[in-house]
$ cat query-v5.tsv   # TSV, C-alpha atoms
chain	number	residue	atom	x	y	z
A	25	MET	CA	-9.28	-41.85	13.76
A	26	ARG	CA	-10.20	-38.23	14.27
A	27	THR	CA	-8.41	-35.52	12.35
A	28	VAL	CA	-8.26	-31.77	12.89
A	29	PHE	CA	-7.63	-29.66	9.79
A	30	VAL	CA	-6.65	-25.98	9.75
A	31	ILE	CA	-7.18	-24.33	6.38
A	32	GLY	CA	-5.71	-20.87	5.79
A	33	PRO	CA	-7.30	-17.91	4.04
A	34	ASP	CA	-5.37	-18.93	0.92
A	35	LYS	CA	-7.42	-22.18	0.90
A	36	LYS	CA	-4.32	-24.29	1.66
A	37	ILE	CA	-4.08	-26.83	4.46
A	38	LYS	CA	-1.81	-25.42	7.16
A	39	LEU	CA	-2.15	-28.25	9.69
A	40	THR	CA	-3.48	-31.76	10.13
A	41	MET	CA	-3.50	-33.49	13.49
A	42	THR	CA	-4.76	-37.06	13.73
A	43	TYR	CA	-5.80	-38.70	16.96
A	44	PRO	CA	-6.95	-42.29	17.56
A	45	ALA	CA	-10.68	-42.52	18.27
A	46	SER	CA	-9.85	-43.65	21.82
A	47	THR	CA	-7.78	-40.52	22.55
A	48	GLY	CA	-9.26	-37.10	23.24
A	49	ARG	CA	-8.04	-34.10	21.33
A	50	ASN	CA	-5.89	-31.56	23.15
A	51	PHE	CA	-7.70	-28.26	22.57
A	52	ALA	CA	-4.97	-26.29	24.34
A	53	GLU	CA	-2.52	-27.58	21.70
A	54	ILE	CA	-4.93	-26.74	18.88
A	55	LEU	CA	-5.28	-23.17	20.19
A	56	ARG	CA	-1.49	-22.91	20.60
A	57	VAL	CA	-1.02	-23.97	16.97
A	58	LEU	CA	-3.63	-21.46	15.78
A	59	ASP	CA	-1.82	-18.67	17.69
A	60	SER	CA	1.48	-19.76	16.13
A	61	LEU	CA	0.05	-19.94	12.60
A	62	GLN	CA	-1.44	-16.45	12.91
A	63	LEU	CA	1.80	-15.02	14.32
A	64	THR	CA	4.01	-16.59	11.68
A	65	ALA	CA	1.66	-15.51	8.87
A	66	GLN	CA	1.89	-11.86	9.96
A	67	HIS	CA	5.65	-11.76	10.64
A	68	GLN	CA	8.61	-13.73	9.29
A	69	LEU	CA	8.97	-15.66	12.52
A	70	ALA	CA	8.86	-19.24	13.72
A	71	THR	CA	7.79	-20.62	17.07
A	72	PRO	CA	9.92	-23.15	18.95
A	73	ALA	CA	8.62	-26.40	20.44
A	74	ASP	CA	6.27	-25.89	23.38
A	75	TRP	CA	6.02	-22.17	22.59
A	76	GLN	CA	3.31	-20.26	24.45
A	77	GLN	CA	1.87	-16.76	23.91
A	78	GLY	CA	4.30	-14.09	25.11
A	79	GLN	CA	7.46	-16.19	24.88
A	80	GLU	CA	10.40	-15.52	22.59
A	81	VAL	CA	10.13	-16.45	18.92
A	82	VAL	CA	12.70	-17.29	16.25
A	83	ILE	CA	13.50	-14.94	13.37
A	84	THR	CA	13.54	-16.99	10.18
A	85	PRO	CA	16.68	-17.15	8.02
A	86	ALA	CA	14.73	-15.37	5.24
A	87	VAL	CA	15.16	-12.15	7.25
A	88	SER	CA	18.62	-10.60	6.91
A	89	ASP	CA	20.48	-9.27	9.96
A	90	GLU	CA	19.99	-5.73	8.67
A	91	GLU	CA	16.24	-6.19	8.23
A	92	ALA	CA	15.98	-7.96	11.60
A	93	ALA	CA	17.63	-4.98	13.31
A	94	ILE	CA	14.93	-2.72	11.86
A	95	ARG	CA	11.91	-5.02	12.32
A	96	PHE	CA	12.91	-6.60	15.65
A	97	PRO	CA	15.12	-4.13	17.56
A	98	GLY	CA	17.00	-5.73	20.43
A	99	TYR	CA	16.89	-9.27	19.01
A	100	ARG	CA	19.61	-11.60	20.24
A	101	THR	CA	21.77	-14.02	18.30
A	102	VAL	CA	22.32	-17.41	19.95
A	103	LYS	CA	23.99	-18.96	16.89
A	104	PRO	CA	24.39	-17.46	13.41
A	105	TYR	CA	21.30	-19.42	12.34
A	106	LEU	CA	19.32	-18.87	15.57
A	107	ARG	CA	18.08	-15.36	16.33
A	108	LEU	CA	15.49	-14.79	19.03
A	109	THR	CA	13.22	-11.85	19.70
A	110	ASP	CA	10.28	-10.98	21.90
A	111	GLN	CA	6.90	-11.83	20.45
A	112	PRO	CA	5.56	-8.81	18.54
$ encode --input "query-v5.tsv" --output "structure tokens"
Amino acid sequence: MRTVFVIGPDKKIKLTMTYPASTGRNFAEILRVLDSLQLTAQHQLATPADWQQGQEVVITPAVSDEEAAIRFPGYRTVKPYLRLTDQP
């Protein structure tokens, strides 16, 4: 087995990905995860499955509608629990 660890500045493990020894690691996925971790650490956002740089992101439920209107003007509500905005 081969495992990739991402450890944040707070010295906590943010990601582990384990691959069988016979399977190569997907560096594009590792870079995508690093981009997502950096984005979500700076803003209260989440990235959907298969997210790529420049695509819409999800505003977390921890952000109120009032705060979202200030921080992410023009965001759109798909469902009460699903609010999307352009990547900052």
$ residues_near_point --input "query-v5.tsv" --point "(16.6, -8.7, 11.8)" --cutoff "12 Å" --atoms "all atoms listed in the file" --output "PyMOL selection string"
chain A and resi 67-69+82-101+104-109
$ closest_residue --input "query-v5.tsv" --among "A:Ala73, A:Ile54, A:Met25, A:Leu61" --to "A:Ile37" --atoms "only C-alpha atoms"
A:Leu61
$ closest_residue --input "query-v5.tsv" --among "A:Gln76, A:Ala70, A:Val102, A:Asp34" --to "A:Ala52" --atoms "all atoms listed in the file"
A:Gln76
$ atom_distance --input "query-v5.tsv" --atom1 "atom CA of A:Pro72" --atom2 "atom CA of A:Met41"
17.8 Å
$ atom_distance --input "query-v5.tsv" --atom1 "atom CA of A:Pro44" --atom2 "atom CA of A:Gln77"
27.7 Å
$ residues_near_point --input "query-v5.tsv" --point "(1.4, -6.3, 15.5)" --cutoff "12 Å" --atoms "only C-alpha atoms" --output "list of chain:residue names"
A:Gln62, A:Leu63, A:Thr64, A:Ala65, A:Gln66, A:His67, A:Arg95, A:Phe96, A:Asp110, A:Gln111, A:Pro112
$ atom_distance --input "query-v5.tsv" --atom1 "atom CA of A:Gly32" --atom2 "atom CA of A:Asp74"
21.9 Å
$ closest_residue --input "query-v5.tsv" --among "A:Leu58, A:Lys103, A:Thr47, A:Gln79" --to "A:Phe29" --atoms "all atoms listed in the file"
A:Leu58
$ residues_around --input "query-v5.tsv" --residues "A:Leu39" --least-positions-apart "3" --cutoff "8 Å" --atoms "only C-alpha atoms" --output "PDB file with C-alpha atoms, in the frame of the given file"
ATOM      1  CA  VAL A  28      -8.260 -31.770  12.890  1.00  0.00           C
ATOM      2  CA  PHE A  29      -7.630 -29.660   9.790  1.00  0.00           C
ATOM      3  CA  VAL A  30      -6.650 -25.980   9.750  1.00  0.00           C
ATOM      4  CA  ILE A  31      -7.180 -24.330   6.380  1.00  0.00           C
TER       5      ILE A  31
END
$ closest_residue --input "query-v5.tsv" --among "A:Thr71, A:Ser60, A:Gly78, A:Arg26" --to "A:Thr42" --atoms "all atoms listed in the file"
A:Arg26
$ build_atoms --input "query-v5.tsv" --residues "stretch 53-64 of chain A" --atoms "all heavy atoms" --output "JSON list (two decimals), keeping the file's coordinate frame"
[["chain", "number", "residue", "atom", "x", "y", "z"],
["A", 53, "GLU", "N", -3.52, -27.48, 22.77],
["A", 53, "GLU", "CA", -2.52, -27.58, 21.70],
["A", 53, "GLU", "C", -3.07, -27.02, 20.39],
["A", 53, "GLU", "O", -2.36, -26.34, 19.65],
["A", 53, "GLU", "CB", -2.07, -29.03, 21.52],
["A", 53, "GLU", "CG", -1.09, -29.26, 20.38],
["A", 53, "GLU", "CD", 0.24, -28.54, 20.53],
["A", 53, "GLU", "OE1", 0.53, -27.96, 21.60],
["A", 53, "GLU", "OE2", 1.02, -28.55, 19.55],
["A", 54, "ILE", "N", -4.33, -27.27, 20.11],
["A", 54, "ILE", "CA", -4.93, -26.74, 18.88],
["A", 54, "ILE", "C", -4.94, -25.21, 18.92],
["A", 54, "ILE", "O", -4.58, -24.56, 17.95],
["A", 54, "ILE", "CB", -6.35, -27.32, 18.68],
["A", 54, "ILE", "CG1", -6.26, -28.83, 18.42],
["A", 54, "ILE", "CG2", -7.07, -26.60, 17.54],
["A", 54, "ILE", "CD1", -7.58, -29.56, 18.46],
["A", 55, "LEU", "N", -5.30, -24.63, 20.06],
["A", 55, "LEU", "CA", -5.28, -23.17, 20.19],
["A", 55, "LEU", "C", -3.87, -22.62, 20.10],
["A", 55, "LEU", "O", -3.64, -21.57, 19.49],
["A", 55, "LEU", "CB", -5.93, -22.76, 21.51],
["A", 55, "LEU", "CG", -7.44, -23.02, 21.60],
["A", 55, "LEU", "CD1", -7.94, -22.69, 23.00],
["A", 55, "LEU", "CD2", -8.19, -22.24, 20.56],
["A", 56, "ARG", "N", -2.89, -23.34, 20.69],
["A", 56, "ARG", "CA", -1.49, -22.91, 20.60],
["A", 56, "ARG", "C", -1.03, -22.89, 19.15],
["A", 56, "ARG", "O", -0.37, -21.94, 18.70],
["A", 56, "ARG", "CB", -0.61, -23.87, 21.42],
["A", 56, "ARG", "CG", 0.85, -23.45, 21.51],
["A", 56, "ARG", "CD", 1.70, -24.54, 22.15],
["A", 56, "ARG", "NE", 2.03, -25.58, 21.20],
["A", 56, "ARG", "CZ", 3.03, -25.51, 20.31],
["A", 56, "ARG", "NH1", 3.78, -24.44, 20.24],
["A", 56, "ARG", "NH2", 3.26, -26.50, 19.48],
["A", 57, "VAL", "N", -1.39, -23.90, 18.38],
["A", 57, "VAL", "CA", -1.02, -23.97, 16.97],
["A", 57, "VAL", "C", -1.68, -22.85, 16.19],
["A", 57, "VAL", "O", -1.05, -22.22, 15.34],
["A", 57, "VAL", "CB", -1.37, -25.36, 16.38],
["A", 57, "VAL", "CG1", -1.23, -25.36, 14.87],
["A", 57, "VAL", "CG2", -0.49, -26.43, 16.99],
["A", 58, "LEU", "N", -2.95, -22.56, 16.46],
["A", 58, "LEU", "CA", -3.63, -21.46, 15.78],
["A", 58, "LEU", "C", -2.93, -20.13, 16.06],
["A", 58, "LEU", "O", -2.72, -19.33, 15.15],
["A", 58, "LEU", "CB", -5.09, -21.39, 16.20],
["A", 58, "LEU", "CG", -6.00, -22.47, 15.63],
["A", 58, "LEU", "CD1", -7.39, -22.38, 16.26],
["A", 58, "LEU", "CD2", -6.08, -22.38, 14.13],
["A", 59, "ASP", "N", -2.55, -19.89, 17.33],
["A", 59, "ASP", "CA", -1.82, -18.67, 17.69],
["A", 59, "ASP", "C", -0.51, -18.60, 16.91],
["A", 59, "ASP", "O", -0.14, -17.55, 16.38],
["A", 59, "ASP", "CB", -1.54, -18.62, 19.19],
["A", 59, "ASP", "CG", -2.79, -18.36, 20.01],
["A", 59, "ASP", "OD1", -3.79, -17.84, 19.47],
["A", 59, "ASP", "OD2", -2.76, -18.68, 21.22],
["A", 60, "SER", "N", 0.20, -19.72, 16.84],
["A", 60, "SER", "CA", 1.48, -19.76, 16.13],
["A", 60, "SER", "C", 1.28, -19.50, 14.64],
["A", 60, "SER", "O", 2.04, -18.73, 14.03],
["A", 60, "SER", "CB", 2.15, -21.11, 16.34],
["A", 60, "SER", "OG", 3.30, -21.23, 15.54],
["A", 61, "LEU", "N", 0.30, -20.13, 14.04],
["A", 61, "LEU", "CA", 0.05, -19.94, 12.60],
["A", 61, "LEU", "C", -0.28, -18.48, 12.29],
["A", 61, "LEU", "O", 0.19, -17.93, 11.29],
["A", 61, "LEU", "CB", -1.07, -20.86, 12.13],
["A", 61, "LEU", "CG", -0.73, -22.34, 12.04],
["A", 61, "LEU", "CD1", -1.99, -23.16, 11.78],
["A", 61, "LEU", "CD2", 0.30, -22.60, 10.96],
["A", 62, "GLN", "N", -1.09, -17.86, 13.13],
["A", 62, "GLN", "CA", -1.44, -16.45, 12.91],
["A", 62, "GLN", "C", -0.21, -15.55, 13.07],
["A", 62, "GLN", "O", 0.01, -14.64, 12.27],
["A", 62, "GLN", "CB", -2.54, -16.03, 13.86],
["A", 62, "GLN", "CG", -3.88, -16.66, 13.53],
["A", 62, "GLN", "CD", -4.94, -16.38, 14.55],
["A", 62, "GLN", "OE1", -4.66, -15.96, 15.67],
["A", 62, "GLN", "NE2", -6.19, -16.61, 14.18],
["A", 63, "LEU", "N", 0.59, -15.82, 14.09],
["A", 63, "LEU", "CA", 1.80, -15.02, 14.32],
["A", 63, "LEU", "C", 2.79, -15.15, 13.17],
["A", 63, "LEU", "O", 3.32, -14.17, 12.67],
["A", 63, "LEU", "CB", 2.46, -15.45, 15.63],
["A", 63, "LEU", "CG", 3.77, -14.75, 15.99],
["A", 63, "LEU", "CD1", 3.51, -13.29, 16.32],
["A", 63, "LEU", "CD2", 4.44, -15.45, 17.15],
["A", 64, "THR", "N", 3.02, -16.37, 12.73],
["A", 64, "THR", "CA", 4.01, -16.59, 11.68],
["A", 64, "THR", "C", 3.52, -16.12, 10.32],
["A", 64, "THR", "O", 4.32, -15.82, 9.44],
["A", 64, "THR", "CB", 4.45, -18.07, 11.62],
["A", 64, "THR", "OG1", 3.30, -18.90, 11.40],
["A", 64, "THR", "CG2", 5.12, -18.50, 12.91]]
